[in-house]
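Worksheet: one structure, shown below.
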Amino acid sequence: MEVKIANGTLALVEGNITCEETDAIVNAANTRLMGGAGVDGAIHRAGGPSIMEECRKIGGCPTGQAVITTGGDLKAKYVIHTVGPIYQDGTKGEAELLKSAYLSSIKLASTKGLKSISFPAISTGAYAYPLKEAAQIALKTAMDYLREYSDIELIRFVLFGRKTYDTFREELRKLI
Ligand code: ADP
């Protein structure tokens, strides 16, 4: 599913983010930038050890913020590592932090002059964010950015599995 927003495009696809050819892909990392499981593990396996070396030098990333490394062996030139919140009960600032993780990533891409970026569904795996709420925040943040700024041309959500894809699609339909 694809929608035009001002001069930009927002796309939803079901798939594996490590195969993306956008300028950057986003990793759902942890604050130490030392993951292993989920999308983080997949990105480091596919991208090779140079990405982890760069992460080690950076040292860490606070929740809601983002850092950038090169893409190693990936087709994407860069990996933007962001840290989403661990979902507790929804009263611990989770929504703001999740929005901030998306927005910090987009702004970092913009600062680097990048035109296209792919996101996974941040925080919805090991960090247990309820999928529907997470999809609403992800989509609204991306749409608001595309409406306000014209530097980023393409934001893709690369969703792992049918359930995640269907939830994002349903929520996007409500927003357009
Ligand atoms: P978090 O700790 O932020 O919850 P996870 O990696 O556990 O991060 O999960 C985030 C999302 O990434 C989940 O929807 C999970 O299914 C998805 N995911 C896992 N592997 C991949 C992949 N190769 N490409 C895209 N998404 C993936």
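Each chain in the structure tokens gets a letter, A, B, ..., in the order shown, and its residues are numbered from 1; ligands are numbered from 1 in order too.
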
Within 9 Å of ligand 1 (only C-alpha atoms and all ligand atoms), residues as an MDAnalysis selection string: chainID A and resid 14:19 27:30 35:43 82:87 119:129 131 157:161 164

Per DSSP on the backbone, what are the helix (DSSP H, G or I) residues of segment 3-113 of chain A, as an MDAnalysis selection string? chainID A and resid 17:19 38:47 49:58 94:111

When you look at Ile5 of chain A with a cut-off of 12 Å (counting only C-alpha atoms), what residues show up, excluding the ones that are within fewer than 5 positions of it in the same chain? I need them as a PyMOL selection string. chain A and resi 10-11+139-140+142-150+152-155+175-176

Tell me which protein, DNA and RNA residues are within 9 Å of segment 47-61 of chain A, counting only C-alpha atoms, leaving out same-chain ones fewer than 3 positions away, and put them as a list of chain:residue names.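 Listed by chain and then number, they are A:Thr18, A:Ala29, A:Asn30, A:Thr31, A:Arg32, A:Leu33, A:Met34, A:Ala42, A:Ile43, A:His44, A:Gly64, A:Gln65, A:Ala66, A:Val67, A:Ile68, A:Thr69, A:Thr70, A:Gly71, A:Gly72, A:Asp73, A:Leu74, A:Lys75, A:Val79, A:His81, A:Thr82, A:Val83.
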
Separation of atom CA of Ser116 of chain A from atom CA of Asp23 of chain A, in Å and rounded to one decimal: 5.3 Å

Top pick for closest residue to Arg156 of chain A, considering A:Glu133, A:Ala101, A:Gly8, A:Ile117 and counting only C-alpha atoms: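 So, comparing all the options, the nearest one is A:Ile117.
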
Which value, in Å to one decimal, gives the distance between atom CA of Glu21 of chain A and atom CA of Thr141 of chain A?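 Spanning atom CA of Glu21 of chain A to atom CA of Thr141 of chain A is a straight-line distance of 21.9 Å.
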
Counting only C-alpha atoms, the residue of A:Glu171, A:Glu20, A:Asp89, A:Asp166 that sits nearest Ala138 of chain A: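 Of all the options, A:Glu171 lies closest to Ala138 of chain A.
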
If you run DSSP on the backbone, which residues of segment 30-153 of chain A are strand (DSSP E or B), as an MDAnalysis selection string? chainID A and resid 66:70 78:82 116:119

How would the residues just picked look written out with C-alpha atoms as a short mmCIF file (atom, residue, chain, number, x, y, z; two decimals), in the first residue's frame?
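Writing the result to selection_8.cif gives the following:
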data_model
loop_
_atom_site.label_atom_id
_atom_site.label_comp_id
_atom_site.auth_asym_id
_atom_site.auth_seq_id
_atom_site.Cartn_x
_atom_site.Cartn_y
_atom_site.Cartn_z
CA ALA A 66 18.91 7.96 17.18
CA VAL A 67 22.47 7.51 15.93
CA ILE A 68 23.82 6.62 12.49
CA THR A 69 26.37 4.16 11.12
CA THR A 70 27.23 3.09 7.61
CA TYR A 78 23.28 3.81 6.29
CA VAL A 79 21.74 2.23 9.34
CA ILE A 80 20.00 4.58 11.74
CA HIS A 81 19.87 2.97 15.17
CA THR A 82 17.05 4.22 17.35
CA SER A 116 14.54 7.63 1.58
CA ILE A 117 14.26 5.67 4.82
CA SER A 118 12.77 2.32 5.86
CA PHE A 119 11.42 1.57 9.32
#

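Across the model, the gap from atom CA of Ala24 of chain A to atom CA of Lys163 of chain A is 24.4 Å.
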